[in-house]
$ cat model.txt   # compact mmCIF, C-alpha atoms
# COMPACT_ATOMS: atom_id res chain seq x y z
CA ASP X 17 -5.29 25.72 5.14
CA THR X 18 -6.53 26.20 1.60
CA GLY X 19 -5.75 29.89 1.22
CA VAL X 20 -7.83 33.04 1.41
CA SER X 21 -11.57 32.44 1.16
CA GLN X 22 -14.16 35.01 0.18
CA ASP X 23 -17.91 34.78 0.36
CA PRO X 24 -20.11 35.27 -1.55
CA ARG X 25 -18.36 34.97 -4.90
CA HIS X 26 -21.11 36.88 -6.64
CA LYS X 27 -23.71 39.30 -5.30
CA ILE X 28 -26.38 41.08 -7.29
CA THR X 29 -28.30 43.73 -5.43
CA LYS X 30 -30.55 46.66 -6.06
CA ARG X 31 -29.40 50.20 -5.55
CA GLY X 32 -29.91 51.33 -1.99
CA GLN X 33 -29.51 47.88 -0.42
CA ASN X 34 -26.77 46.94 2.01
CA VAL X 35 -24.30 44.18 1.23
CA THR X 36 -21.69 42.41 3.31
CA PHE X 37 -18.68 40.43 2.17
CA ARG X 38 -16.67 38.06 4.30
CA CYS X 39 -13.01 37.15 4.06
CA ASP X 40 -11.24 34.30 5.83
CA PRO X 41 -7.48 34.81 5.57
CA ILE X 42 -4.73 32.25 5.93
CA SER X 43 -4.80 31.42 9.62
CA GLU X 44 -1.29 32.51 10.57
CA HIS X 45 -1.50 35.78 8.62
CA ASN X 46 -1.91 38.80 10.88
CA ARG X 47 -2.39 41.40 8.13
CA LEU X 48 -5.55 41.53 6.06
CA TYR X 49 -6.28 43.85 3.16
CA TRP X 50 -9.32 44.85 1.12
CA TYR X 51 -8.96 46.06 -2.45
CA ARG X 52 -11.51 47.01 -5.08
CA GLN X 53 -11.03 46.30 -8.75
CA THR X 54 -13.14 47.53 -11.65
CA LEU X 55 -13.05 46.05 -15.13
CA GLY X 56 -9.78 46.64 -16.91
CA GLN X 57 -8.16 48.35 -13.95
CA GLY X 58 -5.71 47.35 -11.28
CA PRO X 59 -6.70 46.72 -7.66
CA GLU X 60 -7.32 49.87 -5.62
CA PHE X 61 -6.47 49.83 -1.91
CA LEU X 62 -9.40 50.26 0.46
CA THR X 63 -8.22 49.36 3.95
CA TYR X 64 -6.03 47.03 5.98
CA PHE X 65 -5.91 45.43 9.40
CA GLN X 66 -3.07 44.24 11.55
CA ASN X 67 -4.65 41.69 13.84
CA GLU X 68 -7.95 43.32 14.88
CA ALA X 69 -6.77 46.92 14.46
CA GLN X 70 -7.76 48.82 11.33
CA LEU X 71 -4.56 50.73 10.64
CA GLU X 72 -5.31 52.49 7.39
CA LYS X 73 -8.29 53.47 5.27
CA SER X 74 -8.16 54.94 1.80
CA ARG X 75 -9.39 58.49 1.50
CA LEU X 76 -11.44 57.18 -1.39
CA LEU X 77 -13.46 55.03 1.01
CA SER X 78 -16.76 56.77 1.63
CA ASP X 79 -18.57 56.55 4.96
CA ARG X 80 -20.93 54.02 3.37
CA PHE X 81 -18.10 51.49 3.58
CA SER X 82 -17.12 49.86 6.84
CA ALA X 83 -14.81 46.98 7.57
CA GLU X 84 -14.22 44.95 10.70
CA ARG X 85 -11.94 42.21 11.89
CA PRO X 86 -13.32 41.61 15.35
CA LYS X 87 -11.10 38.82 16.59
CA GLY X 88 -8.17 39.28 14.31
CA SER X 89 -9.26 36.37 12.16
CA PHE X 90 -12.00 36.78 9.53
CA SER X 91 -13.04 40.19 8.24
CA THR X 92 -16.23 41.68 6.88
CA LEU X 93 -16.67 44.55 4.45
CA GLU X 94 -20.09 46.18 4.48
CA ILE X 95 -21.39 48.62 1.92
CA GLN X 96 -24.49 50.54 2.94
CA ARG X 97 -26.95 52.14 0.52
CA THR X 98 -25.22 50.69 -2.50
CA GLU X 99 -24.82 52.76 -5.65
CA GLN X 100 -24.23 51.60 -9.20
CA GLY X 101 -20.69 52.92 -8.95
CA ASP X 102 -19.99 50.35 -6.25
CA SER X 103 -20.18 47.58 -8.85
CA ALA X 104 -16.74 45.99 -8.81
CA MET X 105 -14.72 43.00 -7.68
CA TYR X 106 -13.84 43.21 -4.00
CA LEU X 107 -10.58 41.43 -3.29
CA CYS X 108 -9.30 40.32 0.07
CA ALA X 109 -5.64 39.50 0.67
CA SER X 110 -3.56 38.51 3.65
CA THR X 111 0.07 38.29 4.66
CA LYS X 112 2.18 37.59 7.68
CA GLU X 113 4.24 40.44 9.02
CA GLY X 114 7.75 39.19 8.67
CA ILE X 115 11.28 40.20 9.44
CA SER X 116 12.00 40.66 5.74
CA GLY X 117 9.78 43.74 5.78
CA ALA X 118 8.13 43.05 2.46
CA ASN X 119 4.42 42.38 2.28
CA VAL X 120 3.77 39.61 -0.23
CA LEU X 121 0.01 39.23 -0.54
CA THR X 122 -2.04 36.09 -0.96
CA PHE X 123 -5.33 37.00 -2.59
CA GLY X 124 -8.72 35.38 -2.45
CA ALA X 125 -10.77 34.79 -5.60
CA GLY X 126 -12.80 37.93 -4.95
CA SER X 127 -16.44 38.85 -4.44
CA ARG X 128 -18.06 40.35 -7.51
CA LEU X 129 -20.75 42.94 -6.76
CA THR X 130 -23.31 44.06 -9.32
CA VAL X 131 -25.61 46.91 -8.31
CA LEU X 132 -28.68 47.26 -10.49
CA SER Q 4 -4.28 56.75 -7.49
CA GLN Q 5 -2.10 54.30 -9.39
CA GLN Q 6 1.57 54.38 -8.43
CA GLY Q 7 2.67 52.02 -11.21
CA GLU Q 8 1.73 52.33 -14.82
CA GLU Q 9 2.23 49.35 -17.09
CA ASP Q 10 3.14 49.47 -20.74
CA PRO Q 11 1.83 48.18 -23.06
CA GLN Q 12 -1.77 47.91 -21.90
CA ALA Q 13 -2.23 44.84 -24.06
CA LEU Q 14 0.11 42.39 -25.75
CA SER Q 15 -0.59 39.56 -28.18
CA ILE Q 16 2.11 37.03 -29.01
CA GLN Q 17 2.55 33.52 -30.38
CA GLU Q 18 3.34 30.60 -28.13
CA GLY Q 19 7.09 30.27 -27.75
CA GLU Q 20 7.79 33.98 -28.11
CA ASN Q 21 8.98 36.20 -25.29
CA ALA Q 22 6.69 38.73 -23.65
CA THR Q 23 8.06 41.94 -22.16
CA MET Q 24 6.09 44.47 -20.18
CA ASN Q 25 7.18 47.57 -18.35
CA CYS Q 26 6.14 49.37 -15.21
CA SER Q 27 6.90 52.95 -14.29
CA TYR Q 28 6.29 54.49 -10.90
CA LYS Q 29 6.50 57.93 -9.39
CA THR Q 30 7.93 57.84 -5.87
CA SER Q 31 10.78 56.03 -4.14
CA ILE Q 32 10.02 52.45 -3.26
CA ASN Q 33 11.26 49.70 -0.94
CA ASN Q 34 10.25 46.87 -3.25
CA LEU Q 35 8.34 46.16 -6.42
CA GLN Q 36 6.29 43.04 -7.03
CA TRP Q 37 4.63 41.46 -10.03
CA TYR Q 38 1.33 39.62 -9.85
CA ARG Q 39 -0.67 37.63 -12.39
CA GLN Q 40 -4.44 37.52 -12.64
CA ASN Q 41 -6.36 35.04 -14.72
CA SER Q 42 -9.73 36.22 -15.98
CA GLY Q 43 -12.18 36.82 -13.15
CA ARG Q 44 -9.89 35.41 -10.48
CA GLY Q 45 -7.69 36.69 -7.67
CA LEU Q 46 -4.10 37.78 -8.10
CA VAL Q 47 -1.14 35.47 -7.69
CA HIS Q 48 2.27 36.71 -6.61
CA LEU Q 49 5.03 36.02 -9.13
CA ILE Q 50 8.22 37.73 -8.02
CA LEU Q 51 9.56 40.47 -5.75
CA ILE Q 52 12.55 42.71 -6.33
CA ARG Q 53 13.92 44.99 -3.63
CA SER Q 54 15.11 48.52 -4.23
CA ASN Q 55 18.76 47.50 -3.83
CA GLU Q 56 18.47 44.76 -6.45
CA ARG Q 57 18.75 45.20 -10.20
CA GLU Q 58 17.68 41.85 -11.60
CA LYS Q 59 15.98 38.66 -10.40
CA HIS Q 60 15.04 35.41 -12.06
CA SER Q 61 12.39 32.85 -11.28
CA GLY Q 62 11.89 30.04 -13.75
CA ARG Q 63 10.88 31.65 -17.05
CA LEU Q 64 10.50 35.06 -15.41
CA ARG Q 65 13.12 37.79 -15.38
CA VAL Q 66 12.54 41.07 -13.60
CA THR Q 67 14.72 44.16 -13.77
CA LEU Q 68 14.55 47.30 -11.68
CA ASP Q 69 16.06 50.68 -12.50
CA THR Q 70 15.48 52.97 -9.54
CA SER Q 71 17.11 55.93 -11.29
CA LYS Q 72 14.45 55.73 -13.99
CA LYS Q 73 11.76 54.53 -11.60
CA SER Q 74 10.94 51.63 -13.87
CA SER Q 75 10.80 47.85 -13.92
CA SER Q 76 10.36 45.27 -16.61
CA LEU Q 77 8.99 41.74 -16.56
CA LEU Q 78 10.13 39.29 -19.21
CA ILE Q 79 8.37 35.97 -19.72
CA THR Q 80 10.47 33.69 -21.91
CA ALA Q 81 9.15 30.92 -24.15
CA SER Q 82 5.55 31.86 -23.47
CA ARG Q 83 2.79 29.28 -23.23
CA ALA Q 84 -0.96 29.55 -23.75
CA ALA Q 85 -1.31 29.18 -19.98
CA ASP Q 86 0.55 32.49 -19.55
CA THR Q 87 -2.49 34.29 -20.95
CA ALA Q 88 -3.47 36.62 -18.11
CA SER Q 89 -3.22 40.18 -16.84
CA TYR Q 90 0.04 41.15 -15.20
CA PHE Q 91 0.26 43.88 -12.56
CA CYS Q 92 3.18 45.58 -10.95
CA ALA Q 93 2.78 46.71 -7.36
CA THR Q 94 5.02 48.97 -5.35
CA GLU Q 95 5.57 49.14 -1.63
CA THR Q 96 6.87 52.21 0.13
CA TRP Q 97 7.16 51.77 3.87
CA THR Q 98 6.74 55.47 4.61
CA ALA Q 99 3.38 55.25 2.85
CA GLY Q 100 2.12 52.41 5.03
CA ASN Q 101 2.18 48.65 4.82
CA LYS Q 102 0.26 48.37 1.58
CA LEU Q 103 0.87 47.66 -2.08
CA THR Q 104 -0.13 50.14 -4.77
CA PHE Q 105 -0.99 48.50 -8.07
CA GLY Q 106 -0.72 49.67 -11.63
CA GLY Q 107 -3.36 49.28 -14.31
CA GLY Q 108 -1.94 46.05 -15.71
CA THR Q 109 -0.85 44.56 -19.01
CA ARG Q 110 -3.23 42.08 -20.63
CA VAL Q 111 -1.23 39.33 -22.34
CA LEU Q 112 -2.71 36.95 -24.88
CA VAL Q 113 -0.58 33.99 -25.91
CA LYS Q 114 -1.92 32.37 -29.05
CA PRO Q 115 -1.27 28.65 -29.59
$ encode --input "model.txt" --output "structure tokens"
Amino acid sequence: DTGVSQDPRHKITKRGQNVTFRCDPISEHNRLYWYRQTLGQGPEFLTYFQNEAQLEKSRLLSDRFSAERPKGSFSTLEIQRTEQGDSAMYLCASTKEGISGANVLTFGAGSRLTVL
Amino acid sequence: SQQGEEDPQALSIQEGENATMNCSYKTSINNLQWYRQNSGRGLVHLILIRSNEREKHSGRLRVTLDTSKKSSSLLITASRAADTASYFCATETWTAGNKLTFGGGTRVLVKP
């Protein structure tokens, strides 16, 4: 297992188009997270899954954003009717729920979205 | 919203010098973690310190935690050009869900 994979690495789209990002976590990790990061800022939490269940969504996540993890393995993040403000790096991370209680995240390289 | 706020926002040092950055947070935490991010890449976990710990070491890294002041510091000793990156603190509070809340980061430049 080579870590967390994200695809595509870069996406340029026109305003109003839909885009979808895919994340393949480390296989034994049951928790998967999506974060958004804009230039010069820290990652901002969007949503997370435990297995296939989406357990939390940020209040900042508009209804244009939807995420799925249908079989508890890979996840997709879809943005509908993209806006220029959606331009950012979308980071996926995963971890294994452990007895220690702490969530140490392994991040993918990110998917950079540019909305023209 | 950002739970942690790093200080300074940017730091420029010579190779071989120490780099110190601070993180302040607002609410009680269960643990605090530091991550590094090289330009345009994902984040890499560096070190975790739990709320009942005061200091931890890992190689050239030293982290302190003062829960009474709601602050943490990360010290990188004998810095190298390869340490050039952005460093983020992230807090975890179990009553707020199983997620990390990141600060805005400190951008460190180590000049050879």
$ atom_distance --input "model.txt" --atom1 "atom CA of Q:Gln12" --atom2 "atom CA of Q:Val47"
18.9 Å
$ atom_distance --input "model.txt" --atom1 "atom CA of Q:Leu112" --atom2 "atom CA of X:Gln57"
16.7 Å
$ atom_distance --input "model.txt" --atom1 "atom CA of X:Val131" --atom2 "atom CA of Q:Thr87"
29.2 Å
$ interface_residues --input "model.txt" --of "chain X" --to "chain Q" --cutoff "7 Å" --atoms "all atoms listed in the file" --output "PyMOL selection string"
chain X and resi 57-61+121-126
$ write_last_selection --input "model.txt" --atoms "C-alpha atoms" --output "PDB file, in the frame of the given file"
ATOM      1  CA  GLN X  57      -8.160  48.350 -13.950  1.00  0.00           C
ATOM      2  CA  GLY X  58      -5.710  47.350 -11.280  1.00  0.00           C
ATOM      3  CA  PRO X  59      -6.700  46.720  -7.660  1.00  0.00           C
ATOM      4  CA  GLU X  60      -7.320  49.870  -5.620  1.00  0.00           C
ATOM      5  CA  PHE X  61      -6.470  49.830  -1.910  1.00  0.00           C
ATOM      6  CA  LEU X 121       0.010  39.230  -0.540  1.00  0.00           C
ATOM      7  CA  THR X 122      -2.040  36.090  -0.960  1.00  0.00           C
ATOM      8  CA  PHE X 123      -5.330  37.000  -2.590  1.00  0.00           C
ATOM      9  CA  GLY X 124      -8.720  35.380  -2.450  1.00  0.00           C
ATOM     10  CA  ALA X 125     -10.770  34.790  -5.600  1.00  0.00           C
ATOM     11  CA  GLY X 126     -12.800  37.930  -4.950  1.00  0.00           C
TER      12      GLY X 126
END
$ residues_around --input "model.txt" --residues "X:Glu94" --least-positions-apart "6" --cutoff "8 Å" --atoms "only C-alpha atoms" --output "list in words"
Asn34, Val35, Thr36, Phe37, Arg80, Phe81, Ser82 and Ala83 of chain X
$ residues_around --input "model.txt" --residues "Q:Asn55" --least-positions-apart "6" --cutoff "12 Å" --atoms "only C-alpha atoms" --output "PyMOL selection string"
chain Q and resi 31-35+67-71
$ write_last_selection --input "model.txt" --atoms "C-alpha atoms" --output "mmCIF file, in the frame of the given file"
data_model
loop_
_atom_site.group_PDB
_atom_site.id
_atom_site.type_symbol
_atom_site.label_atom_id
_atom_site.label_comp_id
_atom_site.auth_asym_id
_atom_site.auth_seq_id
_atom_site.Cartn_x
_atom_site.Cartn_y
_atom_site.Cartn_z
ATOM 1 C CA SER Q 31 10.780 56.030 -4.140
ATOM 2 C CA ILE Q 32 10.020 52.450 -3.260
ATOM 3 C CA ASN Q 33 11.260 49.700 -0.940
ATOM 4 C CA ASN Q 34 10.250 46.870 -3.250
ATOM 5 C CA LEU Q 35 8.340 46.160 -6.420
ATOM 6 C CA THR Q 67 14.720 44.160 -13.770
ATOM 7 C CA LEU Q 68 14.550 47.300 -11.680
ATOM 8 C CA ASP Q 69 16.060 50.680 -12.500
ATOM 9 C CA THR Q 70 15.480 52.970 -9.540
ATOM 10 C CA SER Q 71 17.110 55.930 -11.290
#
$ closest_residue --input "model.txt" --among "X:Glu68, X:Glu84, X:Thr130, X:Glu113" --to "X:Trp50" --atoms "all atoms listed in the file"
X:Glu84
$ closest_residue --input "model.txt" --among "Q:Lys114, Q:Lys59, Q:Arg65, Q:Lys73" --to "Q:Met24" --atoms "all atoms listed in the file"
Q:Arg65
$ closest_residue --input "model.txt" --among "Q:Val111, Q:Thr94, Q:Ser82, Q:Ser75" --to "Q:Gly19" --atoms "only C-alpha atoms"
Q:Ser82
$ residues_near_point --input "model.txt" --point "(-5.5, 43.6, 17.6)" --cutoff "12 Å" --atoms "only C-alpha atoms" --output "PDB file with C-alpha atoms, in the frame of the given file"
ATOM      1  CA  ASN X  46      -1.910  38.800  10.880  1.00  0.00           C
ATOM      2  CA  ARG X  47      -2.390  41.400   8.130  1.00  0.00           C
ATOM      3  CA  LEU X  48      -5.550  41.530   6.060  1.00  0.00           C
ATOM      4  CA  PHE X  65      -5.910  45.430   9.400  1.00  0.00           C
ATOM      5  CA  GLN X  66      -3.070  44.240  11.550  1.00  0.00           C
ATOM      6  CA  ASN X  67      -4.650  41.690  13.840  1.00  0.00           C
ATOM      7  CA  GLU X  68      -7.950  43.320  14.880  1.00  0.00           C
ATOM      8  CA  ALA X  69      -6.770  46.920  14.460  1.00  0.00           C
ATOM      9  CA  GLN X  70      -7.760  48.820  11.330  1.00  0.00           C
ATOM     10  CA  LEU X  71      -4.560  50.730  10.640  1.00  0.00           C
ATOM     11  CA  GLU X  84     -14.220  44.950  10.700  1.00  0.00           C
ATOM     12  CA  ARG X  85     -11.940  42.210  11.890  1.00  0.00           C
ATOM     13  CA  PRO X  86     -13.320  41.610  15.350  1.00  0.00           C
ATOM     14  CA  LYS X  87     -11.100  38.820  16.590  1.00  0.00           C
ATOM     15  CA  GLY X  88      -8.170  39.280  14.310  1.00  0.00           C
ATOM     16  CA  SER X  89      -9.260  36.370  12.160  1.00  0.00           C
TER      17      SER X  89
END
$ closest_residue --input "model.txt" --among "Q:Glu20, Q:Pro115, Q:Thr30, Q:Trp37" --to "Q:Thr80" --atoms "all atoms listed in the file"
Q:Glu20
$ closest_residue --input "model.txt" --among "Q:Asn41, Q:Thr98, Q:Gln17, Q:Thr23" --to "Q:Val66" --atoms "all atoms listed in the file"
Q:Thr23
$ closest_residue --input "model.txt" --among "X:Thr18, X:Thr63, X:Ser78, X:Ser43" --to "X:Asp102" --atoms "only C-alpha atoms"
X:Ser78
$ decode --input "model.txt" --residues "stretch 71-94 of chain X" --atoms "C-alpha atoms" --output "PDB file, in the first residue's frame"
ATOM      1  CA  LEU X  71     -20.651  11.023  10.406  1.00  0.00           C
ATOM      2  CA  GLU X  72     -20.009  14.734  10.212  1.00  0.00           C
ATOM      3  CA  LYS X  73     -20.271  17.572   7.716  1.00  0.00           C
ATOM      4  CA  SER X  74     -19.005  21.086   8.223  1.00  0.00           C
ATOM      5  CA  ARG X  75     -21.661  23.753   8.407  1.00  0.00           C
ATOM      6  CA  LEU X  76     -19.535  25.574   5.864  1.00  0.00           C
ATOM      7  CA  LEU X  77     -20.240  22.853   3.308  1.00  0.00           C
ATOM      8  CA  SER X  78     -22.900  24.133   0.951  1.00  0.00           C
ATOM      9  CA  ASP X  79     -25.481  21.852  -0.637  1.00  0.00           C
ATOM     10  CA  ARG X  80     -23.448  21.997  -3.856  1.00  0.00           C
ATOM     11  CA  PHE X  81     -20.935  19.693  -2.183  1.00  0.00           C
ATOM     12  CA  SER X  82     -21.602  16.007  -1.729  1.00  0.00           C
ATOM     13  CA  ALA X  83     -19.340  13.196  -0.641  1.00  0.00           C
ATOM     14  CA  GLU X  84     -19.769   9.449  -0.702  1.00  0.00           C
ATOM     15  CA  ARG X  85     -17.916   6.381   0.425  1.00  0.00           C
ATOM     16  CA  PRO X  86     -20.181   3.666  -0.902  1.00  0.00           C
ATOM     17  CA  LYS X  87     -18.334   0.547   0.156  1.00  0.00           C
ATOM     18  CA  GLY X  88     -16.247   1.948   2.932  1.00  0.00           C
ATOM     19  CA  SER X  89     -13.186   2.026   0.708  1.00  0.00           C
ATOM     20  CA  PHE X  90     -12.639   4.855  -1.803  1.00  0.00           C
ATOM     21  CA  SER X  91     -14.503   8.148  -1.538  1.00  0.00           C
ATOM     22  CA  THR X  92     -15.675  10.765  -3.991  1.00  0.00           C
ATOM     23  CA  LEU X  93     -16.236  14.469  -3.442  1.00  0.00           C
ATOM     24  CA  GLU X  94     -18.470  16.167  -5.985  1.00  0.00           C
TER      25      GLU X  94
END
